[in-house]
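Visitor: Sending over upload-v8.pdb (PDB, C-alpha atoms and all ligand atoms).
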```pdb
ATOM      1  CA  MET A   1       0.000   0.000   0.000  1.00  0.00           C
ATOM      2  CA  GLU A   2       1.236   3.459  -0.936  1.00  0.00           C
ATOM      3  CA  GLU A   3       2.243   5.914   1.793  1.00  0.00           C
ATOM      4  CA  MET A   4      -0.330   8.388   0.468  1.00  0.00           C
ATOM      5  CA  GLU A   5      -3.098   5.807   0.792  1.00  0.00           C
ATOM      6  CA  LYS A   6      -1.944   4.895   4.290  1.00  0.00           C
ATOM      7  CA  LYS A   7      -2.082   8.532   5.320  1.00  0.00           C
ATOM      8  CA  GLU A   8      -5.551   8.940   3.852  1.00  0.00           C
ATOM      9  CA  LEU A   9      -6.806   5.813   5.634  1.00  0.00           C
ATOM     10  CA  LYS A  10      -5.269   6.936   8.898  1.00  0.00           C
ATOM     11  CA  ASN A  11      -7.193  10.204   8.671  1.00  0.00           C
ATOM     12  CA  ILE A  12     -10.394   8.345   7.840  1.00  0.00           C
ATOM     13  CA  ILE A  13      -9.925   6.065  10.856  1.00  0.00           C
ATOM     14  CA  ILE A  14      -9.289   9.020  13.164  1.00  0.00           C
ATOM     15  CA  GLU A  15     -12.399  10.770  11.825  1.00  0.00           C
ATOM     16  CA  GLN A  16     -14.569   7.672  12.221  1.00  0.00           C
ATOM     17  CA  LEU A  17     -13.289   7.044  15.752  1.00  0.00           C
ATOM     18  CA  ALA A  18     -14.125  10.627  16.713  1.00  0.00           C
ATOM     19  CA  LYS A  19     -17.665  10.231  15.347  1.00  0.00           C
ATOM     20  CA  LEU A  20     -18.097   6.897  17.112  1.00  0.00           C
ATOM     21  CA  GLU A  21     -16.976   8.421  20.384  1.00  0.00           C
ATOM     22  CA  ILE A  22     -19.762  10.994  20.131  1.00  0.00           C
ATOM     23  CA  ASP A  23     -22.269   8.255  19.218  1.00  0.00           C
ATOM     24  CA  LEU A  24     -21.143   6.147  22.173  1.00  0.00           C
ATOM     25  CA  VAL A  25     -21.620   8.999  24.627  1.00  0.00           C
ATOM     26  CA  GLY A  26     -25.096   9.707  23.226  1.00  0.00           C
ATOM     27  CA  LEU A  27     -26.113   6.048  23.229  1.00  0.00           C
ATOM     28  CA  LYS A  28     -24.761   5.495  26.732  1.00  0.00           C
ATOM     29  CA  ASP A  29     -27.081   8.239  27.852  1.00  0.00           C
ATOM     30  CA  LEU A  30     -30.040   6.496  26.179  1.00  0.00           C
ATOM     31  CA  THR A  31     -29.323   3.178  27.902  1.00  0.00           C
ATOM     32  CA  ARG A  32     -29.637   4.424  31.460  1.00  0.00           C
ATOM     33  CA  PRO A  33     -32.029   2.426  33.636  1.00  0.00           C
ATOM     34  CA  ILE A  34     -35.635   3.594  33.383  1.00  0.00           C
ATOM     35  CA  SER A  35     -37.067   4.362  36.773  1.00  0.00           C
ATOM     36  CA  PRO A  36     -40.558   2.931  37.373  1.00  0.00           C
ATOM     37  CA  ASP A  37     -42.168   6.264  38.179  1.00  0.00           C
ATOM     38  CA  ASN A  38     -40.478   8.098  35.365  1.00  0.00           C
ATOM     39  CA  ALA A  39     -42.728  10.412  33.369  1.00  0.00           C
ATOM     40  CA  ILE A  40     -41.283   9.808  29.936  1.00  0.00           C
ATOM     41  CA  GLY A  41     -43.416  12.248  28.000  1.00  0.00           C
ATOM     42  CA  ARG A  42     -45.186  10.652  25.040  1.00  0.00           C
ATOM     43  CA  LEU A  43     -43.565   7.268  25.554  1.00  0.00           C
ATOM     44  CA  THR A  44     -45.170   4.617  27.655  1.00  0.00           C
ATOM     45  CA  ARG A  45     -42.907   2.642  29.942  1.00  0.00           C
ATOM     46  CA  MET A  46     -43.102  -0.414  27.649  1.00  0.00           C
ATOM     47  CA  GLU A  47     -42.057   1.682  24.681  1.00  0.00           C
ATOM     48  CA  ALA A  48     -39.236   3.168  26.684  1.00  0.00           C
ATOM     49  CA  ILE A  49     -37.985  -0.319  27.581  1.00  0.00           C
ATOM     50  CA  GLY A  50     -38.171  -1.388  23.928  1.00  0.00           C
ATOM     51  CA  GLU A  51     -36.278   1.676  22.867  1.00  0.00           C
ATOM     52  CA  LYS A  52     -33.684   1.114  25.543  1.00  0.00           C
ATOM     53  CA  SER A  53     -32.874  -2.358  24.236  1.00  0.00           C
ATOM     54  CA  VAL A  54     -32.567  -1.008  20.678  1.00  0.00           C
ATOM     55  CA  ASN A  55     -30.155   1.609  21.966  1.00  0.00           C
ATOM     56  CA  GLU A  56     -28.225  -1.007  23.937  1.00  0.00           C
ATOM     57  CA  ALA A  57     -27.753  -3.060  20.755  1.00  0.00           C
ATOM     58  CA  ALA A  58     -26.646   0.063  18.891  1.00  0.00           C
ATOM     59  CA  PHE A  59     -24.226   0.868  21.709  1.00  0.00           C
ATOM     60  CA  LYS A  60     -22.689  -2.625  21.557  1.00  0.00           C
ATOM     61  CA  ALA A  61     -22.339  -2.434  17.774  1.00  0.00           C
ATOM     62  CA  ALA A  62     -20.687   0.988  18.003  1.00  0.00           C
ATOM     63  CA  GLU A  63     -18.359  -0.266  20.727  1.00  0.00           C
ATOM     64  CA  LEU A  64     -17.337  -3.281  18.638  1.00  0.00           C
ATOM     65  CA  ARG A  65     -16.649  -1.080  15.622  1.00  0.00           C
ATOM     66  CA  PHE A  66     -14.620   1.255  17.831  1.00  0.00           C
ATOM     67  CA  HIS A  67     -12.383  -1.667  18.882  1.00  0.00           C
ATOM     68  CA  ARG A  68     -12.035  -2.884  15.302  1.00  0.00           C
ATOM     69  CA  LEU A  69     -11.079   0.566  14.065  1.00  0.00           C
ATOM     70  CA  THR A  70      -8.544   1.011  16.873  1.00  0.00           C
ATOM     71  CA  ASP A  71      -7.093  -2.339  15.899  1.00  0.00           C
ATOM     72  CA  ALA A  72      -7.032  -1.306  12.220  1.00  0.00           C
ATOM     73  CA  ALA A  73      -5.138   1.877  13.143  1.00  0.00           C
ATOM     74  CA  LYS A  74      -2.464  -0.247  14.879  1.00  0.00           C
ATOM     75  CA  ARG A  75      -2.207  -2.679  11.986  1.00  0.00           C
ATOM     76  CA  LEU A  76      -1.971   0.192   9.517  1.00  0.00           C
ATOM     77  CA  GLU A  77       0.926   1.599  11.523  1.00  0.00           C
ATOM     78  CA  PHE A  78       2.883  -1.568  12.217  1.00  0.00           C
ATOM     79  CA  GLU A  79       2.023  -4.255   9.690  1.00  0.00           C
ATOM     80  CA  ASP A  80       3.409  -4.236   6.164  1.00  0.00           C
ATOM     81  CA  ASP A  81       0.618  -6.398   4.805  1.00  0.00           C
ATOM     82  CA  PHE A  82      -2.165  -4.078   5.926  1.00  0.00           C
ATOM     83  CA  GLY A  83      -4.901  -4.044   3.293  1.00  0.00           C
ATOM     84  CA  GLU A  84      -4.273  -7.610   2.176  1.00  0.00           C
ATOM     85  CA  CYS A  85      -7.137 -10.056   2.363  1.00  0.00           C
ATOM     86  CA  LEU A  86      -6.525 -12.628   5.124  1.00  0.00           C
ATOM     87  CA  ILE A  87      -7.862 -15.466   2.978  1.00  0.00           C
ATOM     88  CA  CYS A  88      -6.772 -14.914  -0.649  1.00  0.00           C
ATOM     89  CA  GLU A  89      -3.944 -12.447   0.170  1.00  0.00           C
ATOM     90  CA  GLU A  90      -5.028 -10.154  -2.659  1.00  0.00           C
ATOM     91  CA  PRO A  91      -5.084  -6.426  -1.911  1.00  0.00           C
ATOM     92  CA  ILE A  92      -8.459  -5.278  -0.598  1.00  0.00           C
ATOM     93  CA  PRO A  93      -9.704  -2.521  -2.944  1.00  0.00           C
ATOM     94  CA  PHE A  94      -8.905   0.919  -1.571  1.00  0.00           C
ATOM     95  CA  SER A  95     -12.504   2.014  -2.136  1.00  0.00           C
ATOM     96  CA  ARG A  96     -13.611  -0.721   0.306  1.00  0.00           C
ATOM     97  CA  LEU A  97     -10.973   0.212   2.872  1.00  0.00           C
ATOM     98  CA  LYS A  98     -12.080   3.827   2.696  1.00  0.00           C
ATOM     99  CA  ILE A  99     -15.601   2.848   3.732  1.00  0.00           C
ATOM    100  CA  MET A 100     -14.559   0.090   6.151  1.00  0.00           C
ATOM    101  CA  PRO A 101     -10.909   0.544   7.143  1.00  0.00           C
ATOM    102  CA  GLU A 102     -11.367  -2.329   9.602  1.00  0.00           C
ATOM    103  CA  SER A 103     -11.955  -4.824   6.730  1.00  0.00           C
ATOM    104  CA  THR A 104      -9.621  -7.785   6.806  1.00  0.00           C
ATOM    105  CA  LEU A 105     -11.249  -9.590   3.871  1.00  0.00           C
ATOM    106  CA  CYS A 106     -11.960  -8.621   0.267  1.00  0.00           C
ATOM    107  CA  VAL A 107     -15.595  -8.619  -0.849  1.00  0.00           C
ATOM    108  CA  PRO A 108     -15.650 -12.072  -2.523  1.00  0.00           C
ATOM    109  CA  CYS A 109     -13.979 -13.731   0.499  1.00  0.00           C
ATOM    110  CA  ALA A 110     -16.227 -11.855   2.970  1.00  0.00           C
ATOM    111  CA  GLU A 111     -19.302 -13.010   1.026  1.00  0.00           C
ATOM    112  CA  ASP A 112     -18.102 -16.618   0.944  1.00  0.00           C
ATOM    113  CA  ARG A 113     -18.120 -16.901   4.709  1.00  0.00           C
TER
HETATM  114 ZN    ZN B 201      -9.975 -12.359  -0.483  1.00  0.00          ZN
END
```
As structure tokens - that is how I would like this structure written.
Guide:
Amino acid sequence: MEEMEKKELKNIIIEQLAKLEIDLVGLKDLTRPISPDNAIGRLTRMEAIGEKSVNEAAFKAAELRFHRLTDAAKRLEFEDDFGECLICEEPIPFSRLKIMPESTLCVPCAEDR
């Protein structure tokens, strides 16, 4: 991978991590326990509980992506074969890495699994 591409990906990762951090703070706030006597405005308590579990799932997904991106940043820095597919060892297209820098597989290999 070219130095220029590495630099671009590094910036993308930093940007995405910053966005995720904001999301995580917001979602954390939405997953606080719901007190039984809480007046939740338009929402009924059942709806609030349903919404809370949706937000908890979103929080977990964001957290997982955060770890994967942090890991990708390290690999980008220290591993020469960053951007190579783990299965077929072909380069993962840069356009894919720009959207998902944490990808470790090319599209055909990812779809085969
Ligand atoms: Zn592959």
Visitor: What is the distance between CA of Lys74 in chain A and CA of Phe94 in chain A, in Å to one decimal?
Guide: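 Calculated distance between CA of Lys74 in chain A and CA of Phe94 in chain A is 17.7 Å.
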Visitor: Can you tell me which residues surround Lys98 in chain A at a distance of at most 9 Å, considering all atoms listed in the file, apart from same-chain residues fewer than 3 positions away, and format the answer as a VMD selection string?
Guide: chain A and resid 8 to 9 12 to 13 93 to 95 101
Visitor: Under the PyMOL selection byres (((chain A and resi 96) around 12) and not hetatm), which residues of this model are included? Write them out as a VMD selection string.
Guide: chain A and resid 9 83 to 85 91 to 95 97 to 108 110
Visitor: So, counting all atoms listed in the file, which residue among A:Lys52, A:Asp112, A:Leu69, A:Cys88 is closest to ligand ZN 201 (chain B)?
Guide: A:Cys88
Visitor: What's the separation between CA of Glu47 in chain A and CA of Leu27 in chain A, in Å to one decimal place?
Guide: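 According to the coordinates, CA of Glu47 in chain A and CA of Leu27 in chain A are separated by 16.6 Å.
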Visitor: Between A:Glu90, A:Glu79, A:Asp71, A:Glu63, which residue has the minimum interatomic distance to ligand ZN 201 (chain B), considering all atoms listed in the file?
Guide: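 Distance minimum relative to ligand ZN 201 (chain B) lands on A:Glu90.
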